[in-house]
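J.: What follows is a structure written as structure tokens; I'll ask about it next.
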Amino acid sequence: MKVRKFLEVKEGDTLATLRGFLQRLLEKEIVEALLVPLEAPSGDTVMPALVKEPARLEKANPLAPVMPVNAARLVSSLTIGKPKEKIGALLRSCEIRALIELVKLQQAHLENLMIIGLDCLGTYEVTDYAKLISSEDGSPTMGLVRGAKEGSLSPHEGYQFRSACRICEYPVPQNTALTIGLLGVDGKRILVEAQEELAERLELTEGEAASREEVIKKLVEARIEERDRLFAQFRERVVDIRGLLAQFSTCTGCYNCTVACPICYCKECLFRTSTFEHESDRYLRWAQRKGAIQMPTDTLLFQLTRLNHMVTSCVGCGMCESACPSDIPLTTIFRAVGQEVQAMFDYLPGRSLEDELPLATFKEDELTELGETQ
Amino acid sequence: MNEDFEPKIVAFLCNWCAYVGADLAGTSRIQYPPNVRIIRMMCSGAVDPVYVIKPLLDGADGVLIGGCHPGDCHYQEGNYKARRRVAILKNILRQMGFDEERIWLRWISASEGQVFAETVTAMVKALKEKGPNPLKELWGT
Amino acid sequence: MQASLDIADAGFLVYLVEREPSIGGHMAQLDKTFPTLDCSSCILTPKMVDVARHPNIQLISYAEVVGADGGIGHFKVGVKQKPRYVDVDRCTGCGLCVEACRLKGRISSEFDVGVSKRGAVYIPFPQAVPLKATIDPERCVFITRGVCGKVPACEEACSAEAIDFQQKEEMIGLEVGAIIVATGFDLFDARLKPEFGYGLYPNVITGLQFERLSSASGPTRGKITLNGQEPKKVVFIQCVGSRDKSVGVEYCSRVCCMFTAKQAHLVKEKIPDAEVTVLYIDVRAFGKGFEEFYDRVRGEGVMYRRGNASEICKRGERLIVMAEDTLLGESVQLEADLVVLATGITPRGDAQDLATLLRLSTSPDGFFQEAHPKLRPVETEREGVYLAGCCQGPKDIPDGVAQAKAAASSVIIALRNGMEVS
Amino acid sequence: MGLRIGVYVCHCGVNIAATVDVEAVTRFALGLPSVAIARDYTYMCSDPGQALIKEDIKKFGLTKVVVASCSPMMHEPTFRGTIQEAGLNPYCLEMANIREQCSWVHEEEEEATRKAIQLVAAAVDKAFLLEPLEERRVAVTSAALVIGGGIAGMQAALDIANAGFQVYLVEKEPRLGGHLAQLDKTFPTLEPVAPLLAEEIREVEGHPNIDLLTSAEVIGLEGYIGNFKVNVTDQATIRELKVGTILVATGYDLFDARLKPEYGYGIYEKVITGLEFERLVSLSGSRKFWVNGKEPQDVLFIQCVGSRDKSVGQEYCSRICCMYTAKQALLVKEMLPQARVTVLYMDVRAYGKGFEEFYDQVRGEGVLYRRGNPSEIYKNGKRLIVRVEDTLLGEPVQLEADLVVLATGITPRRDSPKIANLLKLPRSPDGFFMEAHPKLRPVDTVTEGIYLAGCCQGPKDIPDTVTQAKAAAASAMIPLCQGQVKVEAVTSIIDEELCSGCGICAEMCVYDALSLHERKGVMTINEVLCKGCGACAAACPSKAIKLSHFTPAQILAQVDALV
Amino acid sequence: MEGQNLAQAYRLFECIQCGRCTGGCPMSLKTRFNIRRLIYEALVDEDMDLQSKEVLWDCSTCATCTLRCPKGLDPTDMVIGMRSILVDGGRIPPTIRDALKSLAIRGNPLTMAREERADWAEGLGVKEISEGAEVLYFVGCSPSYDPRVQKVAKAMVQAFKKAEVEFGILGNEEVCCGSEARRMGETGLFEMLREMNLETLERYPVELVVTTSPHCYNAFQNEYQGLNLKVQHYTQFVAGLINEGRLPLSKEVRRIVTYQDPCFLGKQNKIFEEPRKILRSIPGLELRELDRSRERSLCCEGGGGRMWAEGTNPEERLAHTRVQEAMDLGAEVLATACPFCLLTLEDAAKTVAGEGGIQVMDIMELVVEAL
């Protein structure tokens, strides 16, 4: 049974307390290595690192509201070869959900992996975070941590969270072995949820966070409101084919989205393989036939195909959009389209390992009207 | 309806039922409009969504996928796979503002030459009502 | 066909002699098969093509066996090749001659059981194997009367110059190690039960005619209509020419219960508001999936009434089927727009001649007699001659196929042993 | 040498030429890149037509051939043969169907010609990308395994052995014979079973080609058609057998009459099953028939006990009970002419050869058939009372009986899930093993090289079982006769460089042809098992798996040419 | 034990209860008479109470059940057997009893005097067979006594004479053929009458017996074991005469005629063509076929003793239906070739069509019109 315990915040320093807690995980050999964001030497961002030496956790900063990479990709690399040592991975909700999808796609394994989840208070684009941290206002982190108690998570003035975070309904991680909670918890303590036996080894204290559920609910409701507003805007934009073109026609075929996406697991994207390599005279023939052809070719085909491949598994982390040089609103597109397609099969990506991937299964008695003469 | 407009249809037909049905329409000399171009597949379950999107982006006005009736698949379940894929694809395209009714999935058995001809005829009619694929003009295809 | 394929696959040369212009038999005429409702031609056509293409099978169609001397390992079989009046090497099966024939649409089609018409030169059905035209010597006016315009229309139409009125009957001598008899069956002639008015009322049809009517490749393109009208009340009558000593058919035909159930289902499927009634004595849904199918068909609203019809007459435009519902213990008069007679399976008309020819015996029911009813169901009294399919007794498709394969097994054994000796 | 394509456009007499401007199509083809030669001819499929292609292949050094004519369903094999004879790989052929799907369905020449031109262009573009494929063959171990030593297994074993092949016959029980050994006489001929069976067993036991393993069980299976490895144990030792084909003849169980408590089976000793009746008659030596030392006056047979009965999960008909009941009723009547023998039935299913005649005979001897299936049995004093509605009278009646015989149905063997799992055999909803196709492949399974015989596939009487056993034997010995099995040339192929090993393709494959290579982390394909449907390829996002001859590049090239 | 005995005697165990007998039974259309159920009750009910089964007298012994039975059983015979039991037990309708009594005493069921049997022929110059003739005309009871049917007998005589057939009648020596007696369950009486007729017939060296009634024809043909004479129904004989050109039909009879197949002639003896042949030979006559004809003809209810028993539903008569069907065809004449049909149908015609409506005639009457 999971129990809810607390970690007393020492000297009002939440980050230090958290670092200490993580060190304890290593020292007590609860895990043998930890994947956790460390502050970059430049100090203006954080990057995930696999840490074996507890002392190196002095630089750990899981609270920094920035996510240069969805770490599910890294967990995939770490576990696809089935590690012999137990690895702990400190992840945000969207990273965990992506990981669940990757496990179903056999791109990651959960054996010898301990998923440590952390309440996500929202993230800035990498560039915004860098600006914020070097600005005079100081750390963009602590204001958020302070607001966590009431759930009032407003971005720094003049800045915005990433669009994915603004509409994220999952600030609290699921499918974890250990959850570190900040929402609805007063600043003196950090909430820790774990299996009873694990919790006992962690030297935690008893306590209560009575308003936590209430705070989370309010937060999610606000996010959903924002989400639906964005979706509605999107749907208005794509009522017809012009909308489709408006969304995608600026694609430059850089494939950054596929690189940033935690779920795009193909070794090489189909569109970068020989199938879509053409001889020069072929391009010329097309141009001849049609008068003009868009170059690079097949960007629209690429986007629609990627949508088709990914949309059922998209967890909405928004990394694609962050990576897109053409500012295509990929988060909204994938989340909005995904919502309906996923509903067709009652599928929520990242919800559970039990749910079958919609593209990997089918039923004899479903969709029976399709194919019959109308 | 634009009577002069002749829609272009690409059809993916399974080797065992629909393609044979199309052949039967021929042997039975059942006439239908010449707007359809048939590509033979081994199974409707082998029709990749890319194959459907590609012609539409290239300016085809409709895509027809023909498979065996439920339960009749030569490969047991290929047509069910096709059905789910087409359902997902149609849903996505519709949400992206593309007219999903340009994609038809139909079960046509080897003995249904007439059904094949009727399907093509009906599809041509429906596409004439819709007019040309707007991508043709807008996307320069 | 199945037996040929198996033996040929095992590496032996097979001569397949078929009396009709095309192989395929009765199954080619069916629409769907029970209980799985597979489309009959979808599963049969590939098999026919396999036969035609098999390097070890030599197909001799439109020919008849006229004698078989010798014994196992060294039969000498005489085959009479009937003239098609079409050079099969040149004929491409394009059908231009068929279109051109002056008698087109004038001769009742055997394949469509009279539901449609063909000409004197014809290809029995679009998937025929071999896909070659044949001229009906009894109907072609050029053959019977010696004139057909200046040049026979077919000859004029044929660009492959395949029409050949000079063709004569030919005798072919074959030497074979074993013989399989798979000559099939005839359907009971419903005219022998005059009380049903078959032949008198156009809307009293047989089960096989129904198949052509409901087949997508049939004359109505799968629409169940009579003179363009959809029947709203359909009555199926079972055991027409089965289990009936009064017409000398004592045995059960084994397939009618299920083909009727299937046809009743098809009516319900194609005309959902039709009232469908099946009159039966015992429903013999004995095979795999049969009872389940029978359950399903009843579930779809097909009314099964126990009591076999006694008579059909007319009231106005409608047919009246007179029967006793034996469960009610009352006579009933059912109105019908269409009555389908489930005619049973009978030995082929020439079974007795063939039996004499091949020195086989027949059982009292007129089918070929197997060596032992339990343990040697495909062997005959004559060593080296085996039975497959309905020539031994009524059978459904899987049982027919199984028996063909069983006969093939016996032949393979015989041939392999012969090989070792020589 | 570069790509050199030859294009051949057939007139098919006037069949194509009347509607399609064949010369225009040919001229067009000649202008396509890589097309070395394009010709039209009256009948491409005729010998001179084929000769033309063969000459050109040599003369122009063609690497690919496109034939525009009738449907590939008609002549693809023909032209494949043609180019093969001229030294090309048969898969370097592409056909454009300009007859069935063009000239025969369109009347307007301009449109039909335009369509034909496009079809030819698409065929040329696909031909451009065609790759030679190999029709491979794998060698077959010249032996067969038969699982089950009942009548089906024995008959199959004998057939295969008689054809000269080694057969391993594995039987779970210490002796051969199965259920048949328990029967007294057969219907409808009333022949005693024992001598028939004894002869069959003697033949099996004495056969030089049959290796008989009794009290033995199959515990492991790997491999595929032609090359199965089977582990068989007789409890003490494990033997590995190498066989080319496997025949499953594991038989059936009888329905447990206790599952219909309303009949009081197991409570009343005078309520017995049909099989118990057989033993009773066998033991009493067909002379006297006693129940508790007395001749019964009223014997009642109840049909469909555990058949056609959804309430006990047995939806299907057991096929044999009607006739064995008729036979048993007749036996009673013969032994005790004065006894009243009644059969309670729903439908009498006397469908087989001589069955209806036998049923007529049985009734003629005075066996009373009453329509109605009983609801319950209870006791009144020493006699049994059977409550039933006589549906022909439309009245409930209570019948007295001294002996009630329950015609228990046939059910799948209790261990069939285990066998199914071991041999990877699907089962139909009724629980019996499923055949590959209910109509045309009644003894094959979806797994090539594994065949079904007898009641493990569904209820059957003796002749049907023997027939099916022989049929399965035919299927099982064909690969042995051939000595090798052909592998489908058009199969899926995996690009290991691209494969991420996600396994979606394996989820799509109904033939179990795909598996994850543990070490490499990529999928591998068993080409012997692959049937070339392409479902896997359609599911693979990176196209790391493709269907050969129908690759994405080839199909997209066709699309490109057609749009 | 009645049921068991019947089951044994009539092989009832072989019945599969398919219902074809009842389904085709004309009486089952209007009464509770259900022959399939009677068979079943005999099988399953050991104490079957026949005595209360009034419906047994509904059967007209048309034999459709027997003809339709797929298992070769003879339900008609079973009904007769059941009636025998009733007769033995004395449970019979009074009208039947009178008819049987008359048969026993007077040799006819019509309670007419034996010595008046040949009165109808008075003045027609008909020879008695004792005077010697090749053809014996067996007149039968109704044609001898019933004024309506006598016309048929007279027509016969006229035709015979025209064709110069050398014929004679038995006169008062003739007794009933017994067919109806047997069908009313009096097997003993039937056998007695048969013996009498056989004895009479043996005395005369005739070559051919021609009957007016299909019932007599049937009895001679199928139930007179030991009769070595050729027997013909008049339709056969007359058709033969026409064929041979011995009976020229020269006068036009401009009438639309339809024909009722009598059960004992058609269904039971498969004589379908000859009556039609005769009708078609009459110049000017248009023959229209009833839907239910030949093997599917509808019984008039006159056979099996039904001339003397009303049955359980006397209001509804099949003859009415039949007349109506004939009228719907537009027929002016409903022709038949059986005295019972003639009487029942004519009765019905009066009720349905009234006087001056459709006419019911025997074929012979039409023949005579054409002479």
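We label chains A, B, ... in the order they appear in the structure tokens, count residues from 1 in each chain, and number ligands from 1 in the order shown.
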Residues near Glu174 of chain E, anyone? I mean within 9 Å using only C-alpha atoms, not counting same-chain ones fewer than 3 positions away, as a list in words.
T.: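 Everything that qualifies: Gly107, Arg114, Arg117, Ala118, Phe138, Val139, Gly140, Cys141, Ile169, Leu170, Gly171, Cys177, Met196, Asn197 and Thr200 of chain E.
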J.: Quick one: residues within 7 Å of segment 48-58 of chain B, only C-alpha atoms, excluding same-chain residues fewer than 2 positions away - as number ranges by chain?
T.: A: 301, 305; B: 46, 60-63, 89, 135, 141; D: 538, 556, 559, 563
J.: My list of candidates is C:Val385, C:Val51, C:Cys97, C:Val276. Which is closest to Ser22 of chain C when distances are computed with only C-alpha atoms?
T.: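 Among C:Val385, C:Val51, C:Cys97, C:Val276, it is C:Val51 that comes nearest to Ser22 of chain C.
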J.: For segment 204-208 of chain A, list every protein, DNA or RNA residue within 10 Å, evaluated using only C-alpha atoms, and leave out those in the same chain fewer than 2 positions away; present the list as a PyMOL selection string.
T.: chain A and resi 3-8+21+185-186+189-192+199-202+210-212
J.: Could you write out that same residue set with N, CA and C atoms as a short mmCIF file (atom, residue, chain, number, x, y, z; two decimals), in the first residue's frame?
T.:
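File written: again_36.cif
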```cif
data_model
loop_
_atom_site.label_atom_id
_atom_site.label_comp_id
_atom_site.auth_asym_id
_atom_site.auth_seq_id
_atom_site.Cartn_x
_atom_site.Cartn_y
_atom_site.Cartn_z
N VAL A 3 1.86 4.94 0.97
CA VAL A 3 1.59 5.82 2.11
C VAL A 3 2.06 7.23 1.77
N ARG A 4 1.52 8.18 2.50
CA ARG A 4 1.88 9.58 2.26
C ARG A 4 2.68 10.07 3.48
N LYS A 5 3.92 10.40 3.25
CA LYS A 5 4.79 10.89 4.35
C LYS A 5 5.36 12.24 3.95
N PHE A 6 6.21 12.78 4.86
CA PHE A 6 6.75 14.12 4.59
C PHE A 6 8.23 14.22 4.87
N LEU A 7 8.80 15.17 4.21
CA LEU A 7 10.20 15.50 4.35
C LEU A 7 10.21 16.94 4.89
N GLU A 8 10.85 17.12 6.07
CA GLU A 8 10.88 18.48 6.64
C GLU A 8 11.88 19.32 5.85
N PHE A 21 17.67 14.52 0.05
CA PHE A 21 16.81 13.34 -0.07
C PHE A 21 17.30 12.42 -1.20
N VAL A 185 1.03 21.67 -0.57
CA VAL A 185 1.82 21.36 0.63
C VAL A 185 2.47 22.69 1.09
N ASP A 186 2.41 22.94 2.42
CA ASP A 186 3.00 24.20 2.85
C ASP A 186 4.51 24.15 2.70
N ARG A 189 7.37 21.72 4.30
CA ARG A 189 7.54 20.29 4.09
C ARG A 189 7.43 19.93 2.61
N ILE A 190 7.96 18.77 2.30
CA ILE A 190 7.80 18.22 0.95
C ILE A 190 7.08 16.88 1.12
N LEU A 191 6.09 16.67 0.28
CA LEU A 191 5.33 15.43 0.40
C LEU A 191 6.05 14.31 -0.35
N VAL A 192 6.04 13.12 0.27
CA VAL A 192 6.63 11.96 -0.40
C VAL A 192 5.63 10.81 -0.35
N ALA A 199 8.96 3.69 2.09
CA ALA A 199 8.82 4.91 2.88
C ALA A 199 9.55 4.77 4.22
N GLU A 200 9.49 3.57 4.79
CA GLU A 200 10.12 3.37 6.09
C GLU A 200 11.61 3.55 6.05
N ARG A 201 12.19 3.20 4.89
CA ARG A 201 13.64 3.30 4.80
C ARG A 201 14.09 4.74 4.59
N LEU A 202 13.13 5.62 4.34
CA LEU A 202 13.50 6.97 3.91
C LEU A 202 13.48 8.00 5.04
N ALA A 210 -3.88 18.51 3.69
CA ALA A 210 -5.32 18.38 3.51
C ALA A 210 -5.81 19.05 2.23
N SER A 211 -5.19 20.12 1.84
CA SER A 211 -5.73 20.87 0.71
C SER A 211 -5.16 20.41 -0.63
N ARG A 212 -4.26 19.42 -0.62
CA ARG A 212 -3.57 19.02 -1.86
C ARG A 212 -4.54 18.69 -3.00
#
```
J.: Please indicate the distance in Å from atom CA of Phe276 of chain A to atom CA of Gly243 of chain A, rounded to one decimal place.
T.: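 These atoms are spaced 25.6 Å apart.
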J.: Could the residues of chain D within 7 Å of chain C, counting only C-alpha atoms, be given as a ChimeraX atom specification, please?
T.: /D:13-15,159,162-163,308,315-319,347-354,356-357,391-392,394,438-440,442,458,462-463,466-468,470-471,473-474,478,481-482
J.: Excluding Ala55 of chain A and its own-chain neighbours fewer than 4 positions away, which residues fall within 10 Å of it when counting only C-alpha atoms? Please give them as a list in words.
T.: Arg19, Gly20, Gln23, Leu26, Val51, Lys59 and Ala60 of chain A
J.: What residues in segment 154-319 of chain D get the DSSP label strand (DSSP E)? Please answer as JSON, numbers by chain.
T.: {"D": [166, 167, 168, 169, 170, 210, 211, 212, 213, 217, 218, 219, 220, 221, 222, 223, 224, 227, 228, 229, 230, 231, 232, 233, 238, 239, 240, 241, 242, 243, 245, 246, 247, 248, 252, 253, 254, 271, 272, 273, 298, 299, 300, 301, 302, 303, 304, 305]}
J.: Filtering to C-alpha atoms, could you give me those residues as a short mmCIF file (atom, residue, chain, number, x, y, z; two decimals), in the first residue's frame?
T.:
```cif
data_model
loop_
_atom_site.label_atom_id
_atom_site.label_comp_id
_atom_site.auth_asym_id
_atom_site.auth_seq_id
_atom_site.Cartn_x
_atom_site.Cartn_y
_atom_site.Cartn_z
CA GLN D 166 8.35 -43.22 -41.32
CA VAL D 167 5.55 -42.50 -38.86
CA TYR D 168 5.75 -41.88 -35.13
CA LEU D 169 2.42 -42.65 -33.52
CA VAL D 170 2.12 -41.19 -30.04
CA ILE D 210 5.34 -47.16 -37.75
CA ASP D 211 7.18 -46.38 -34.55
CA LEU D 212 4.54 -46.77 -31.88
CA LEU D 213 4.95 -44.81 -28.65
CA GLU D 217 2.84 -37.47 -24.56
CA VAL D 218 4.11 -34.63 -26.67
CA ILE D 219 5.61 -31.99 -24.41
CA GLY D 220 7.46 -29.69 -26.73
CA LEU D 221 7.42 -28.49 -30.29
CA GLU D 222 9.57 -26.20 -32.32
CA GLY D 223 10.33 -25.63 -35.96
CA TYR D 224 8.12 -25.32 -38.97
CA ASN D 227 11.52 -29.36 -39.99
CA PHE D 228 9.68 -29.91 -36.76
CA LYS D 229 11.42 -30.98 -33.59
CA VAL D 230 9.09 -32.68 -31.19
CA ASN D 231 9.78 -33.75 -27.64
CA VAL D 232 7.89 -36.80 -26.51
CA THR D 233 7.96 -38.26 -23.04
CA ILE D 238 12.28 -37.68 -23.20
CA ARG D 239 12.81 -38.39 -26.87
CA GLU D 240 13.35 -35.84 -29.54
CA LEU D 241 11.70 -36.70 -32.84
CA LYS D 242 12.44 -34.95 -36.09
CA VAL D 243 9.49 -34.89 -38.42
CA THR D 245 4.66 -32.94 -40.76
CA ILE D 246 2.39 -33.45 -37.79
CA LEU D 247 -1.07 -34.90 -37.72
CA VAL D 248 -3.25 -34.20 -34.70
CA TYR D 252 -12.77 -36.13 -27.85
CA ASP D 253 -14.35 -36.53 -24.45
CA LEU D 254 -17.93 -37.39 -23.77
CA VAL D 271 -30.00 -43.67 -15.65
CA ILE D 272 -26.98 -44.55 -17.75
CA THR D 273 -25.08 -43.01 -20.63
CA ASP D 298 -39.76 -49.73 -20.59
CA VAL D 299 -36.52 -48.41 -21.98
CA LEU D 300 -36.25 -44.74 -22.70
CA PHE D 301 -33.58 -43.03 -24.71
CA ILE D 302 -32.97 -39.31 -24.35
CA GLN D 303 -31.20 -37.49 -27.15
CA CYS D 304 -29.15 -34.31 -27.11
CA VAL D 305 -27.77 -34.64 -23.59
#
```
J.: Residues at most 12 Å from Gly71 of chain C, counting only C-alpha atoms, excluding those fewer than 2 positions away in the same chain, as a ChimeraX atom specification?
T.: /C:68-69,73-77,175-179,358-359,381-385,414
J.: Got time to write the residues from that selection, N, CA, C and O atoms, as a PDB file, in the first residue's frame?
T.:
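Just written: out-v7.pdb:
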```
ATOM      1  N   ALA C  68     -12.400 -48.567 -69.238  1.00  0.00           N
ATOM      2  CA  ALA C  68     -11.245 -48.696 -68.351  1.00  0.00           C
ATOM      3  C   ALA C  68     -10.908 -50.163 -68.190  1.00  0.00           C
ATOM      4  O   ALA C  68     -11.626 -50.901 -67.518  1.00  0.00           O
ATOM      5  N   ASP C  69      -9.856 -50.596 -68.859  1.00  0.00           N
ATOM      6  CA  ASP C  69      -9.418 -51.983 -68.738  1.00  0.00           C
ATOM      7  C   ASP C  69      -8.211 -52.046 -67.827  1.00  0.00           C
ATOM      8  O   ASP C  69      -7.650 -51.029 -67.443  1.00  0.00           O
ATOM      9  N   GLY C  73      -2.384 -50.090 -61.135  1.00  0.00           N
ATOM     10  CA  GLY C  73      -1.021 -49.981 -61.644  1.00  0.00           C
ATOM     11  C   GLY C  73      -0.948 -49.963 -63.159  1.00  0.00           C
ATOM     12  O   GLY C  73       0.013 -49.483 -63.733  1.00  0.00           O
ATOM     13  N   HIS C  74      -1.968 -50.489 -63.806  1.00  0.00           N
ATOM     14  CA  HIS C  74      -1.887 -50.535 -65.277  1.00  0.00           C
ATOM     15  C   HIS C  74      -3.267 -50.453 -65.932  1.00  0.00           C
ATOM     16  O   HIS C  74      -3.665 -51.295 -66.712  1.00  0.00           O
ATOM     17  N   PHE C  75      -3.991 -49.411 -65.548  1.00  0.00           N
ATOM     18  CA  PHE C  75      -5.277 -49.201 -66.214  1.00  0.00           C
ATOM     19  C   PHE C  75      -5.047 -48.626 -67.607  1.00  0.00           C
ATOM     20  O   PHE C  75      -4.148 -47.823 -67.819  1.00  0.00           O
ATOM     21  N   LYS C  76      -5.898 -49.059 -68.534  1.00  0.00           N
ATOM     22  CA  LYS C  76      -5.923 -48.409 -69.842  1.00  0.00           C
ATOM     23  C   LYS C  76      -7.294 -47.748 -69.969  1.00  0.00           C
ATOM     24  O   LYS C  76      -8.320 -48.427 -69.981  1.00  0.00           O
ATOM     25  N   VAL C  77      -7.288 -46.440 -70.001  1.00  0.00           N
ATOM     26  CA  VAL C  77      -8.548 -45.705 -69.978  1.00  0.00           C
ATOM     27  C   VAL C  77      -8.790 -45.050 -71.335  1.00  0.00           C
ATOM     28  O   VAL C  77      -7.900 -44.409 -71.883  1.00  0.00           O
ATOM     29  N   GLU C 175      -2.851 -44.206 -69.994  1.00  0.00           N
ATOM     30  CA  GLU C 175      -2.415 -45.299 -69.137  1.00  0.00           C
ATOM     31  C   GLU C 175      -2.186 -44.737 -67.757  1.00  0.00           C
ATOM     32  O   GLU C 175      -1.394 -43.820 -67.568  1.00  0.00           O
ATOM     33  N   VAL C 176      -2.901 -45.272 -66.815  1.00  0.00           N
ATOM     34  CA  VAL C 176      -2.807 -44.728 -65.455  1.00  0.00           C
ATOM     35  C   VAL C 176      -2.708 -45.851 -64.435  1.00  0.00           C
ATOM     36  O   VAL C 176      -3.058 -47.010 -64.718  1.00  0.00           O
ATOM     37  N   GLY C 177      -2.224 -45.494 -63.255  1.00  0.00           N
ATOM     38  CA  GLY C 177      -2.056 -46.497 -62.195  1.00  0.00           C
ATOM     39  C   GLY C 177      -3.281 -46.616 -61.317  1.00  0.00           C
ATOM     40  O   GLY C 177      -3.534 -47.661 -60.723  1.00  0.00           O
ATOM     41  N   ALA C 178      -4.039 -45.527 -61.218  1.00  0.00           N
ATOM     42  CA  ALA C 178      -5.211 -45.560 -60.345  1.00  0.00           C
ATOM     43  C   ALA C 178      -6.242 -44.576 -60.876  1.00  0.00           C
ATOM     44  O   ALA C 178      -5.919 -43.664 -61.638  1.00  0.00           O
ATOM     45  N   ILE C 179      -7.470 -44.796 -60.468  1.00  0.00           N
ATOM     46  CA  ILE C 179      -8.573 -43.972 -60.973  1.00  0.00           C
ATOM     47  C   ILE C 179      -9.381 -43.449 -59.797  1.00  0.00           C
ATOM     48  O   ILE C 179      -9.684 -44.197 -58.862  1.00  0.00           O
ATOM     49  N   LEU C 358     -17.020 -49.008 -65.476  1.00  0.00           N
ATOM     50  CA  LEU C 358     -15.844 -49.131 -64.609  1.00  0.00           C
ATOM     51  C   LEU C 358     -15.886 -50.386 -63.751  1.00  0.00           C
ATOM     52  O   LEU C 358     -15.028 -50.598 -62.909  1.00  0.00           O
ATOM     53  N   ARG C 359     -16.915 -51.186 -63.958  1.00  0.00           N
ATOM     54  CA  ARG C 359     -17.128 -52.401 -63.176  1.00  0.00           C
ATOM     55  C   ARG C 359     -17.174 -52.091 -61.670  1.00  0.00           C
ATOM     56  O   ARG C 359     -16.466 -52.667 -60.860  1.00  0.00           O
ATOM     57  N   GLU C 381     -14.827 -51.935 -54.750  1.00  0.00           N
ATOM     58  CA  GLU C 381     -14.525 -53.359 -54.865  1.00  0.00           C
ATOM     59  C   GLU C 381     -13.405 -53.591 -55.875  1.00  0.00           C
ATOM     60  O   GLU C 381     -12.707 -54.589 -55.825  1.00  0.00           O
ATOM     61  N   ARG C 382     -13.279 -52.654 -56.810  1.00  0.00           N
ATOM     62  CA  ARG C 382     -12.236 -52.833 -57.811  1.00  0.00           C
ATOM     63  C   ARG C 382     -10.970 -52.126 -57.332  1.00  0.00           C
ATOM     64  O   ARG C 382     -10.957 -50.899 -57.130  1.00  0.00           O
ATOM     65  N   GLU C 383      -9.942 -52.892 -57.128  1.00  0.00           N
ATOM     66  CA  GLU C 383      -8.715 -52.325 -56.594  1.00  0.00           C
ATOM     67  C   GLU C 383      -8.173 -51.271 -57.542  1.00  0.00           C
ATOM     68  O   GLU C 383      -8.140 -51.471 -58.750  1.00  0.00           O
ATOM     69  N   GLY C 384      -7.758 -50.176 -56.999  1.00  0.00           N
ATOM     70  CA  GLY C 384      -7.190 -49.125 -57.836  1.00  0.00           C
ATOM     71  C   GLY C 384      -8.210 -48.095 -58.281  1.00  0.00           C
ATOM     72  O   GLY C 384      -7.866 -47.101 -58.886  1.00  0.00           O
ATOM     73  N   VAL C 385      -9.470 -48.333 -57.979  1.00  0.00           N
ATOM     74  CA  VAL C 385     -10.505 -47.349 -58.312  1.00  0.00           C
ATOM     75  C   VAL C 385     -11.082 -46.823 -57.005  1.00  0.00           C
ATOM     76  O   VAL C 385     -11.471 -47.607 -56.134  1.00  0.00           O
ATOM     77  N   ALA C 414      -0.997 -46.127 -53.523  1.00  0.00           N
ATOM     78  CA  ALA C 414      -0.926 -47.097 -54.627  1.00  0.00           C
ATOM     79  C   ALA C 414       0.215 -46.750 -55.579  1.00  0.00           C
ATOM     80  O   ALA C 414       0.997 -47.613 -55.982  1.00  0.00           O
TER      81      ALA C 414
END
```
